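Input: a single structure, listed below in structure tokens.
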There are 4 protein chains.
Amino acid sequence: MVPKATAGTMRAWVLKNPGELELVEKPVPVPGVAEALVRIDAVAICATDLEVIDHGRPALVNGVLPFNQQFTPGHEYMGTVVDVGPDVDEYRIGERVSVEIHAGCGRCKRCRAGMYTACLNYGANYPGNDRSHRANGFTTDGGFAQYAVNHINTLVRVPNDMSDEEATLVVTAGTSMYGFTELGGLVAGESVVVIGPGPIGLLAVAIAKSLGADPVILIGTRPERLAMGSRLGADAVVNAKIEDPVQTVLGVTGGGADYVLDCAGTEETVNQAIHITNRGGRICLAAFPHEPVTIDLAHAVRNNVYIFGIRGEGRSATRRAMALMAQKRFDAKLIHTHTFRLADLPEALRYARERVDGAIKVVVRLHD
Amino acid sequence: MVPKATAGTMRAWVLKNPGELELVEKPVPVPGVAEALVRIDAVAICATDLEVIDHGRPALVNGVLPFNQQFTPGHEYMGTVVDVGPDVDEYRIGERVSVEIHAGCGRCKRCRAGMYTACLNYGANYPGNDRSHRANGFTTDGGFAQYAVNHINTLVRVPNDMSDEEATLVVTAGTSMYGFTELGGLVAGESVVVIGPGPIGLLAVAIAKSLGADPVILIGTRPERLAMGSRLGADAVVNAKIEDPVQTVLGVTGGGADYVLDCAGTEETVNQAIHITNRGGRICLAAFPHEPVTIDLAHAVRNNVYIFGIRGEGRSATRRAMALMAQKRFDAKLIHTHTFRLADLPEALRYARERVDGAIKVVVRLHD
Amino acid sequence: MVPKATAGTMRAWVLKNPGELELVEKPVPVPGVAEALVRIDAVAICATDLEVIDHGRPALVNGVLPFNQQFTPGHEYMGTVVDVGPDVDEYRIGERVSVEIHAGCGRCKRCRAGMYTACLNYGANYPGNDRSHRANGFTTDGGFAQYAVNHINTLVRVPNDMSDEEATLVVTAGTSMYGFTELGGLVAGESVVVIGPGPIGLLAVAIAKSLGADPVILIGTRPERLAMGSRLGADAVVNAKIEDPVQTVLGVTGGGADYVLDCAGTEETVNQAIHITNRGGRICLAAFPHEPVTIDLAHAVRNNVYIFGIRGEGRSATRRAMALMAQKRFDAKLIHTHTFRLADLPEALRYARERVDGAIKVVVRLHD
Amino acid sequence: MVPKATAGTMRAWVLKNPGELELVEKPVPVPGVAEALVRIDAVAICATDLEVIDHGRPALVNGVLPFNQQFTPGHEYMGTVVDVGPDVDEYRIGERVSVEIHAGCGRCKRCRAGMYTACLNYGANYPGNDRSHRANGFTTDGGFAQYAVNHINTLVRVPNDMSDEEATLVVTAGTSMYGFTELGGLVAGESVVVIGPGPIGLLAVAIAKSLGADPVILIGTRPERLAMGSRLGADAVVNAKIEDPVQTVLGVTGGGADYVLDCAGTEETVNQAIHITNRGGRICLAAFPHEPVTIDLAHAVRNNVYIFGIRGEGRSATRRAMALMAQKRFDAKLIHTHTFRLADLPEALRYARERVDGAIKVVVRLHD
């Protein structure tokens with residue numbers, strides 16, 4: 001039995017100076033309308049956590065990027081519902097849940113059309129302009145803490161036989177799934193190329209294969225990551241340091257792939273994506289270069305290639321990803337390499353940042 | 001300058017016994033989160049108002065259809081924003097607005113996907129199960145009153161040069177527009193048949209023509225209504241009492257229409273719709289028979305005909321309808337035939353119900 | 001090595017009087033532009049074959065249903081490419097292929113939009129009005145013969161490790177897959193009900209589960225078929241003779257299913273489909289009642305439920321189904337119960353028609 | 001009465017050396033299956049004609065761009081049907097028609113899905129690999145001649161009251177319409193920005209306004225072209241030489257436009273497009289930079305902005321454009337500035353290339 005959270009304080013990591021975190025005592029947040037309080041049981045580390053820690057929250061307030069020193073990052077978490085807001089009966093206390101990041105405002109034109117990850121009020125949840133948008137770990141307090149408040153729209157039930165660690169990976173898998181959703185969703189029998197064997201790319205391989213894509217080709221540069229891609233279902237892997245990925249993919253697919261998911265997001269990989277997509281095919285950018293890039297846009301336009309950028313895990317893709325994981329279609333746990341405790345978050349972050357000891361997904365557990 | 005509404009009471013019609021209304025004093029409602037208070041300036045009468053008055057609210061509460069004697073019907077209204085909830089700056093006090101009916105709960109899977117008129121919490125806005133769903137005039141207090149509260153998602157700005165009466169018609173036009181939205185939206189150059197020249201059907205003719213449909217054929221039985229259809233843009237009208245609408249449409253269209261909007265909703269018209277749609281075409285039922293009907297479903301399946309039922313005015317269709325009306329693409333005012341004052345609502349309802357004096361749209365004005 | 005077919009004759013079953021077939025010698029057909037000649041290796045029997053045998057080809061010619069006594073039915077076949085038309089290099093002689101039924105005319109508005117199963121020139125492939133439409137086994141010669149000509153669009157490669165018998169089942173699986181395509185395609189994690197455990201229904205269960213649907217519920221009346229459904233992945237089965245399927249599904253799904261595929265097509269099952277679909281959900285009719293039926297259309301419209309009738313296996317669904325079968329996502333062979341030789345087709349048809357010995361799919365092999 | 005074309009020769013301009021054309025006698029082509037012979041009555045000049053004349057046909061043959069000295073360019077033509085292929089009854093001799101450019105092969109996966117402008121067999125219509133793809137004026141003989149053969153899919157009927165000159169403009173308008181089709185089609189009430197007031201851009205303004213977009217903003221640099229945009233319906237025009245188009249659009253639209261159509265296709269305008277699209281909005285590139293460009297892709301991805309490149313006028317957009325023009329929703333004739341005779345084509349091309357005398361659309365008439 002999980003006790004109802006009483007008002008009180010909790011341990012939480014908060015931003016200090018850029019690049020620094022501090023473990024503090026903070027009030028346990030209180031769930032409001034359509035919200036639940038989640039006791040965090042495990043939280044995985046994502047590359048974007050490092051960006052938030054180094055640069056602050058990605059939402060401008062009055063044109064300024066606020067480096068809030070009380071802010072708690074962390075967005076790939078799972079836990080147990082310990083309290084709910086008024087009139088919430090969609091979730092019961094004691095249920096294990098994983099999370100999506102984005103709860104749209106529900107009042108802008110994008111949210112109204114179901115595009116909550118493109119909410120026009122992204123980041124607007126502060127006094128004087130509270131639009132109730134939440135992106136926990138990005139614009140509202142996240143999961144490097146003992147508790148977090150989540151809009152019920154962002155909760156996904158965790159099956160009993162799924163470990164806490166595996167359940168944190170559904171956030172990543174949801175992003176991969178969202179890519180295929182935006183690309184059209186009908187991927188059985190279509191050719192898919194994934195560029196970049198980071199966590200999103202690796203799970204994209206697994207999801208593409210689960211949905212019946214054929215072939216699924218993974219492009220990367222590190223042999224051990226490519227080997228991991230093979231274990232997760234890639235029909236072919238291409239080491240871009242050894243062979244020309246464009247020529248190889250054109251050969252294997254007989255003229256180009258139907259869908260390309262670029263999870264590396266460099267100038268080089270965006271151009272690869274453009275040149276390995278067949279006429280009428282589609283590219284999803286699940287990562288992107290931070291600086292302007294020089295790309296062969298003409299090739300894309302001449303070939304009727306569409307380019308979709310995605311942000312997070314919209315269209316309830318996380319729930320679809322969880323459905324596949326609950327049915328054990330692929331073993332996401334393969335990418336979980338290291339586990340730390342909450343007090344050791346800085347060390348966990350170092351493992352993730354420096355890929356110490358071949359780290360892919362580093363998970364922080366909050367209990368023994 | 002419009003004064004901010006002070007706390008106080010207002011005149012409002014409320015349900016009494018089935019079929020009866022009573023004019024009472026009621027508290028002016030208070031706008032909450034993401035809501036505005038609208039001073040009603042005009043409200044049109046729709047056939048579904050008569051159903052609510054006769055049978056009560058269409059949402060079950062604990063399995064029972066509640067005939068709430070304090071309930072205020074009326075849903076085709078427009079007015080002036082006189083107050084807003086906390087942090088609302090999307091609308092300013094003094095703006096003229098028309099309304100959509102449905103504000104979804106924002107927390108069910110349908111709302112999350114943008115299908116707010118199919119909200120799974122339809123009608124759930126009472127103590128103990130408040131999901132914040134609103135369908136003003138159906139499940140929450142509506143517009144046969146001096147004031148109403150609206151979720152800001154349901155407001156549509158009214159241009160300065162549009163009269164109050166015309167602005168009430170956008171609710172009807174929004175339903176017509178929603179039909180074409182669900183049918184696919186690309187109607188320029190496609191053949192459209194509208195069955196049933198009631199207000200929704202007549203404005204559907206106007207909207208189909210505005211979107212470039214060709215030809216637009218209207219089927220009905222009353223000559224004066226068909227004549228009105230011609231004035232609103234119908235390329236051809238068919239009097240089903242005089243000629244066989246199926247044969248006529250098959251002839252005019254050379255084998256059937258691409259899109260059929262049935263706004264009559266009888267067993268006869270549903271079967272007509274099935275038989276006048278070409279292979280691969282689509283039918284939208286904007287009205288429906290209350291009793292089970294015997295239909296030639298085989299013809300629809302064999303011909304790959306899809307049937308879409310719509311409820312209200314989803315996918316922000318009302319805003320698209322208003323855009324066309326603001327640009328004066330058609331003269332919706334043609335269907336406005338009679339005007340009454342709020343105190344005379346019962347007589348206005350009688351005109352609408354009995355089509356006294358050729359009544360099509362009867363509008364109630366709240367000011368001189 | 002497969003020898004190139006020489007001009008000559010072949011054995012083929014042809015229609016005689018309604019309900020009768022005769023085994024004759026007929027010229028081997030010659031592949032034309034964009035066509036291939038397929039040596040048939042195996043052909044499965046579908047319930048619609050029996051309809052063609054009893055009633056003739058389903059396409060009207062000059063308003064008359066032609067009972068062509070030279071016509072060869074049979075549409076669920078696979079075989080080996082033994083010749084190709086001019087400039088065909090998409091397939092090579094010797095390749096094993098399964099088939100889709102429909103090759104649209106390519107010149108009507110539906111074909112042009114990719115809706116080739118809704119071709120407006122369905123059945124038009126006779127002198128004086130040759131639109132090149134083909135629906136082998138329905139409007140053009142089919143597979144109860146040694147050879148058939150197929151448009152290359154209708155060919156699907158068969159993997160080496162798939163038996164001839166299993167490869168015939170992809171035609172059925174393609175229809176099931178098409179149902180989910182029209183219903184939206186995104187079924188992972190959504191609730192699916194399949195009504196009717198015939199071959200299409202049983203493979204629909206398998207495909208729904210392969211795509212990640214959860215739960216998948218099968219409704220039927222025969223215990224052995226329901227048991228087969230469980231083996232193919234159904235999470236729950238409902239015997240409509242024992243329990244009320246509507247109440248059961250509403251209970252299991254907590255208010256109704258997201259997608260319902262009716263593969264029984266009776267008045268009773270259509271009404272069940274309407275009442276077990278949740279608000280905003282969708283129904284696909286993969287079978288249909290031949291006579292007009294009395295249905296509760298109001299319930300569908302009030303709940304924004306869409307009804308899609310499908311014809312065959314459009315949108316290249318057969319290729320997607322083959323992709324899943326090639327990846328061994330489910331064991332379609334479970335529904336293959338009996339095998340006959342070409343000379344014994346009448347007996348094979350009797351087994352299929354009378355479900356002799358629990359027959360589900362009866363396959364005719366053309367070689368030893 | 002139009003005489004049936006007899007076998008014989010015709011006058012036609014053909015490529016000579018790069019940049020040169022020669023007027024020759026050539027055989028009148030013969031319509032085949034599903035084709036018609038069109039006597040050309042008028043043909044407009046497009047910027048891409050100049051590219052073909054300078055650089056040859058845009059389809060590689062065996063990896064080489066063929067500069068075919070017998071090839072006839074010209075793709076924006078209209079005329080009169082004077083002969084049809086076998087079994088063609090969709091068009092009658094004597095009908096006036098305008099054209100689409102692309103007739104897909106009908107046998108690749110893109111054509112099969114309705115994406116005929118992305119045909120995988122683009123350009124493949126030569127002996128030994130004839131896939132029947134046609135892109136008249138690009139890969140097959142076009143309209144700077146007395147006659148041309150067209151697939152019937154590419155014909156669009158011209159109303160009696162539309163002049164030959166106006167009818168040539170529907171090809172351009174079809175491209176503009178296709179842009180809005182790919183962008184989603186539902187543009188009523190949405191904000192649209194068109195960059196680049198060339199013919200496609202100017203007609204895009206007219207079509208956006210016809211479809212109810214509001215506001216429609218045109219960005220350009222030449223005052224007379226912007227003035228033309230205003231006459232065609234633009235609600236606002238921005239001279240990028242005088243004011244910053246990004247700041248102006250963000251101001252006018254309150255945060256960015258829903259849809260942006262870039263018809264200029266320079267590095268500068270692509271970046272403008274990215275920065276003036278609101279979150280979740282969409283960009284269509286109807287023109288493109290020939291060299292690689294440096295763009296702020298991060299801004300697009302972070303804001304969930306989708307980029308669609310289009311090629312020509314797919315999804316039957318030309319028919320939809322003609323429907324609007326036939327209904328006189330806008331006056332395309334405004335952009336027709338100069339008229340020449342066939343013998344004077346080189347001079348007509350000079351006017352178009354050098355924009356002599358403010359030339360926008362230069363039309364060549366073949367009769368008096």
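By order of appearance in the structure tokens: chains A, B, ..., then residues from 1 within every chain, and ligands from 1 in the order shown.
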Picked from segment 117-323 of chain A by DSSP as helix (DSSP H, G or I), as JSON, numbers by chain = {"A": [117, 118, 152, 153, 154, 164, 165, 166, 167, 168, 170, 171, 172, 173, 174, 175, 176, 177, 178, 179, 180, 181, 182, 183, 199, 200, 201, 202, 203, 204, 205, 206, 207, 208, 209, 210, 223, 224, 225, 226, 227, 228, 229, 230, 231, 245, 246, 247, 248, 249, 250, 251, 252, 253, 267, 268, 269, 270, 271, 272, 273, 274, 275, 276, 297, 298, 299, 300, 301, 302, 317, 318, 319, 320, 321, 322, 323]}
inquiry  = Using only C-alpha atoms, I'd like every residue of chain D that has an atom within 9 Å of chain B; please write them out as a count of residues only.
reply    = 21
message = Residues within 7 Å of segment 156-160 of chain B, please, as a PyMOL selection string. Count only C-alpha atoms; anything in the same chain fewer than 5 positions from it doesn't count.
response = chain B and resi 96-99+167+319+326
May I have the residues from that selection written out with N, CA, C and O atoms, as a PDB file, in the first residue's frame?
ATOM      1  N   ARG B  96     -16.953  41.692 -29.617  1.00  0.00           N
ATOM      2  CA  ARG B  96     -18.147  40.959 -30.039  1.00  0.00           C
ATOM      3  C   ARG B  96     -17.734  39.550 -30.464  1.00  0.00           C
ATOM      4  O   ARG B  96     -16.759  39.367 -31.191  1.00  0.00           O
ATOM      5  N   VAL B  97     -18.501  38.584 -30.013  1.00  0.00           N
ATOM      6  CA  VAL B  97     -18.161  37.184 -30.291  1.00  0.00           C
ATOM      7  C   VAL B  97     -19.401  36.369 -30.622  1.00  0.00           C
ATOM      8  O   VAL B  97     -20.496  36.631 -30.143  1.00  0.00           O
ATOM      9  N   SER B  98     -19.198  35.399 -31.458  1.00  0.00           N
ATOM     10  CA  SER B  98     -20.177  34.349 -31.641  1.00  0.00           C
ATOM     11  C   SER B  98     -19.585  33.099 -30.989  1.00  0.00           C
ATOM     12  O   SER B  98     -18.460  33.119 -30.501  1.00  0.00           O
ATOM     13  N   VAL B  99     -20.342  31.998 -30.992  1.00  0.00           N
ATOM     14  CA  VAL B  99     -19.895  30.861 -30.194  1.00  0.00           C
ATOM     15  C   VAL B  99     -19.956  29.538 -30.953  1.00  0.00           C
ATOM     16  O   VAL B  99     -20.704  29.379 -31.907  1.00  0.00           O
ATOM     17  N   ALA B 167     -24.570  37.226 -37.109  1.00  0.00           N
ATOM     18  CA  ALA B 167     -23.530  36.539 -36.326  1.00  0.00           C
ATOM     19  C   ALA B 167     -24.067  35.302 -35.625  1.00  0.00           C
ATOM     20  O   ALA B 167     -23.323  34.354 -35.351  1.00  0.00           O
ATOM     21  N   ARG B 319     -14.913  28.553 -36.983  1.00  0.00           N
ATOM     22  CA  ARG B 319     -14.013  29.665 -37.342  1.00  0.00           C
ATOM     23  C   ARG B 319     -13.816  29.746 -38.856  1.00  0.00           C
ATOM     24  O   ARG B 319     -13.715  30.827 -39.414  1.00  0.00           O
ATOM     25  N   ALA B 326     -17.311  36.425 -43.014  1.00  0.00           N
ATOM     26  CA  ALA B 326     -16.692  37.745 -42.861  1.00  0.00           C
ATOM     27  C   ALA B 326     -16.237  38.287 -44.209  1.00  0.00           C
ATOM     28  O   ALA B 326     -16.226  39.493 -44.441  1.00  0.00           O
TER      29      ALA B 326
END
inquiry  = as number ranges by chain, please: every residue in segment 77-229 of chain B that a backbone DSSP assignment puts in strand (DSSP E or B).
reply    = B: 77-84, 96-99, 102-103, 134-136, 140, 145, 147-151, 155-157, 192-195, 216-220
Writing out the chosen residues with N, CA, C and O atoms as a CSV table (one decimal), in the first residue's frame:
chain,number,residue,atom,x,y,z
B,77,TYR,N,-26.0,31.6,-30.1
B,77,TYR,CA,-26.0,33.0,-29.7
B,77,TYR,C,-24.7,33.7,-30.0
B,77,TYR,O,-23.7,33.1,-30.3
B,78,MET,N,-24.8,35.0,-29.9
B,78,MET,CA,-23.6,35.9,-30.0
B,78,MET,C,-23.8,37.0,-29.0
B,78,MET,O,-24.9,37.2,-28.5
B,79,GLY,N,-22.7,37.7,-28.7
B,79,GLY,CA,-22.8,38.8,-27.8
B,79,GLY,C,-21.5,39.5,-27.6
B,79,GLY,O,-20.7,39.6,-28.5
B,80,THR,N,-21.3,40.0,-26.4
B,80,THR,CA,-20.2,40.8,-26.1
B,80,THR,C,-19.4,40.4,-24.9
B,80,THR,O,-20.1,40.1,-23.9
B,81,VAL,N,-18.1,40.3,-24.9
B,81,VAL,CA,-17.4,39.8,-23.8
B,81,VAL,C,-17.5,40.9,-22.7
B,81,VAL,O,-17.1,42.1,-23.0
B,82,VAL,N,-17.9,40.5,-21.5
B,82,VAL,CA,-18.0,41.5,-20.4
B,82,VAL,C,-17.2,41.2,-19.2
B,82,VAL,O,-17.0,42.0,-18.3
B,83,ASP,N,-16.6,40.0,-19.2
B,83,ASP,CA,-15.7,39.6,-18.1
B,83,ASP,C,-14.9,38.4,-18.6
B,83,ASP,O,-15.4,37.7,-19.5
B,84,VAL,N,-13.8,38.2,-18.0
B,84,VAL,CA,-12.9,37.1,-18.3
B,84,VAL,C,-12.4,36.4,-17.0
B,84,VAL,O,-12.3,37.1,-16.0
B,96,ARG,N,-17.0,41.7,-29.6
B,96,ARG,CA,-18.1,41.0,-30.0
B,96,ARG,C,-17.7,39.5,-30.5
B,96,ARG,O,-16.8,39.4,-31.2
B,97,VAL,N,-18.5,38.6,-30.0
B,97,VAL,CA,-18.2,37.2,-30.3
B,97,VAL,C,-19.4,36.4,-30.6
B,97,VAL,O,-20.5,36.6,-30.1
B,98,SER,N,-19.2,35.4,-31.5
B,98,SER,CA,-20.2,34.3,-31.6
B,98,SER,C,-19.6,33.1,-31.0
B,98,SER,O,-18.5,33.1,-30.5
B,99,VAL,N,-20.3,32.0,-31.0
B,99,VAL,CA,-19.9,30.9,-30.2
B,99,VAL,C,-20.0,29.5,-31.0
B,99,VAL,O,-20.7,29.4,-31.9
B,102,HIS,N,-19.5,23.3,-28.3
B,102,HIS,CA,-18.7,22.3,-27.5
B,102,HIS,C,-17.4,22.8,-27.0
B,102,HIS,O,-16.5,23.2,-27.8
B,103,ALA,N,-17.2,22.7,-25.7
B,103,ALA,CA,-15.8,22.8,-25.1
B,103,ALA,C,-15.6,21.4,-24.5
B,103,ALA,O,-16.2,21.0,-23.5
B,134,ARG,N,-18.3,21.3,-21.6
B,134,ARG,CA,-19.4,22.2,-21.7
B,134,ARG,C,-20.0,22.0,-23.1
B,134,ARG,O,-19.3,22.0,-24.1
B,135,ALA,N,-21.3,22.0,-23.2
B,135,ALA,CA,-22.0,22.1,-24.5
B,135,ALA,C,-23.2,23.0,-24.1
B,135,ALA,O,-24.3,22.6,-23.8
B,136,ASN,N,-22.9,24.3,-24.2
B,136,ASN,CA,-23.9,25.3,-23.7
B,136,ASN,C,-25.2,25.2,-24.5
B,136,ASN,O,-25.2,25.1,-25.7
B,140,THR,N,-24.8,22.4,-20.4
B,140,THR,CA,-24.6,23.6,-19.5
B,140,THR,C,-25.4,24.7,-20.0
B,140,THR,O,-25.8,24.8,-21.1
B,145,ALA,N,-30.9,33.8,-22.3
B,145,ALA,CA,-30.6,34.5,-21.1
B,145,ALA,C,-29.8,35.7,-21.4
B,145,ALA,O,-29.4,35.9,-22.5
B,147,TYR,N,-26.9,36.5,-20.0
B,147,TYR,CA,-25.4,36.2,-19.9
B,147,TYR,C,-25.2,34.7,-20.0
B,147,TYR,O,-26.0,33.9,-19.6
B,148,ALA,N,-24.0,34.4,-20.5
B,148,ALA,CA,-23.6,33.0,-20.5
B,148,ALA,C,-22.0,33.0,-20.3
B,148,ALA,O,-21.4,33.9,-20.7
B,149,VAL,N,-21.6,31.9,-19.7
B,149,VAL,CA,-20.1,31.7,-19.6
B,149,VAL,C,-19.7,30.7,-20.8
B,149,VAL,O,-20.3,29.7,-21.0
B,150,ASN,N,-18.6,31.1,-21.4
B,150,ASN,CA,-18.1,30.3,-22.5
B,150,ASN,C,-16.6,30.0,-22.3
B,150,ASN,O,-15.8,30.9,-21.9
B,151,HIS,N,-16.2,28.8,-22.6
B,151,HIS,CA,-14.7,28.5,-22.7
B,151,HIS,C,-14.2,29.3,-23.8
B,151,HIS,O,-14.8,29.4,-24.9
B,155,LEU,N,-15.2,30.7,-28.6
B,155,LEU,CA,-15.5,32.0,-29.0
B,155,LEU,C,-14.9,32.3,-30.4
B,155,LEU,O,-13.8,31.8,-30.7
B,156,VAL,N,-15.7,33.0,-31.2
B,156,VAL,CA,-15.2,33.4,-32.5
B,156,VAL,C,-15.5,34.9,-32.7
B,156,VAL,O,-16.6,35.3,-32.4
B,157,ARG,N,-14.5,35.6,-33.1
B,157,ARG,CA,-14.7,37.1,-33.2
B,157,ARG,C,-15.7,37.4,-34.3
B,157,ARG,O,-15.7,36.8,-35.4
B,192,VAL,N,-21.4,17.9,-55.2
B,192,VAL,CA,-22.0,17.9,-53.8
B,192,VAL,C,-23.5,17.8,-53.9
B,192,VAL,O,-24.1,18.6,-54.7
B,193,VAL,N,-24.1,16.9,-53.2
B,193,VAL,CA,-25.5,17.0,-53.0
B,193,VAL,C,-25.9,17.2,-51.6
B,193,VAL,O,-25.3,16.6,-50.7
B,194,VAL,N,-26.8,18.2,-51.4
B,194,VAL,CA,-27.3,18.4,-50.0
B,194,VAL,C,-28.7,18.0,-50.0
B,194,VAL,O,-29.5,18.4,-50.9
B,195,ILE,N,-29.1,17.2,-49.0
B,195,ILE,CA,-30.5,16.7,-48.9
B,195,ILE,C,-31.1,17.4,-47.7
B,195,ILE,O,-30.5,17.3,-46.6
B,216,VAL,N,-23.4,21.9,-57.3
B,216,VAL,CA,-24.0,21.7,-56.0
B,216,VAL,C,-25.5,21.5,-56.2
B,216,VAL,O,-26.2,22.4,-56.8
B,217,ILE,N,-26.0,20.4,-55.8
B,217,ILE,CA,-27.4,20.0,-56.0
B,217,ILE,C,-28.2,20.0,-54.7
B,217,ILE,O,-27.7,19.3,-53.7
B,218,LEU,N,-29.3,20.6,-54.6
B,218,LEU,CA,-30.1,20.6,-53.4
B,218,LEU,C,-31.4,19.8,-53.6
B,218,LEU,O,-32.1,20.0,-54.5
B,219,ILE,N,-31.6,18.8,-52.7
B,219,ILE,CA,-32.9,18.0,-52.8
B,219,ILE,C,-33.8,18.4,-51.6
B,219,ILE,O,-33.3,18.5,-50.5
B,220,GLY,N,-35.1,18.7,-51.9
B,220,GLY,CA,-36.0,19.0,-50.9
B,220,GLY,C,-37.4,18.8,-51.4
B,220,GLY,O,-37.6,18.2,-52.5
inquiry  = Give me the residues near segment 43-55 of chain D as a PyMOL selection string, where near means some atom within 10 Å (using only C-alpha atoms) and where sequence neighbours in that chain fewer than 6 positions away do not count.
reply    = chain D and resi 14-21+65-67+71-79+98+137-139+142-145+164-169+171-172+198-200+336+338-342+345+348-353+360-366
inquiry  = Here is a test: counting only C-alpha atoms, which residue of C:Val246, C:Thr221, C:Phe308, C:Glu35 is nearest to Glu90 of chain C?
reply    =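 Going through C:Val246, C:Thr221, C:Phe308, C:Glu35 one by one, the smallest distance to Glu90 of chain C is for C:Glu35.
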task = Please indicate the distance in Å from atom CA of Pro58 of chain A to atom CA of Gly114 of chain B, rounded to one decimal place.
result = 25.8 Å
task = Excluding segment 311-316 of chain C and residues on its chain fewer than 4 positions from it, collect all residues at most 7 Å away from it, counting only C-alpha atoms, and give them as number ranges by chain.
result = B: 301-302, 304; C: 114-117, 174-175, 178, 320; D: 113
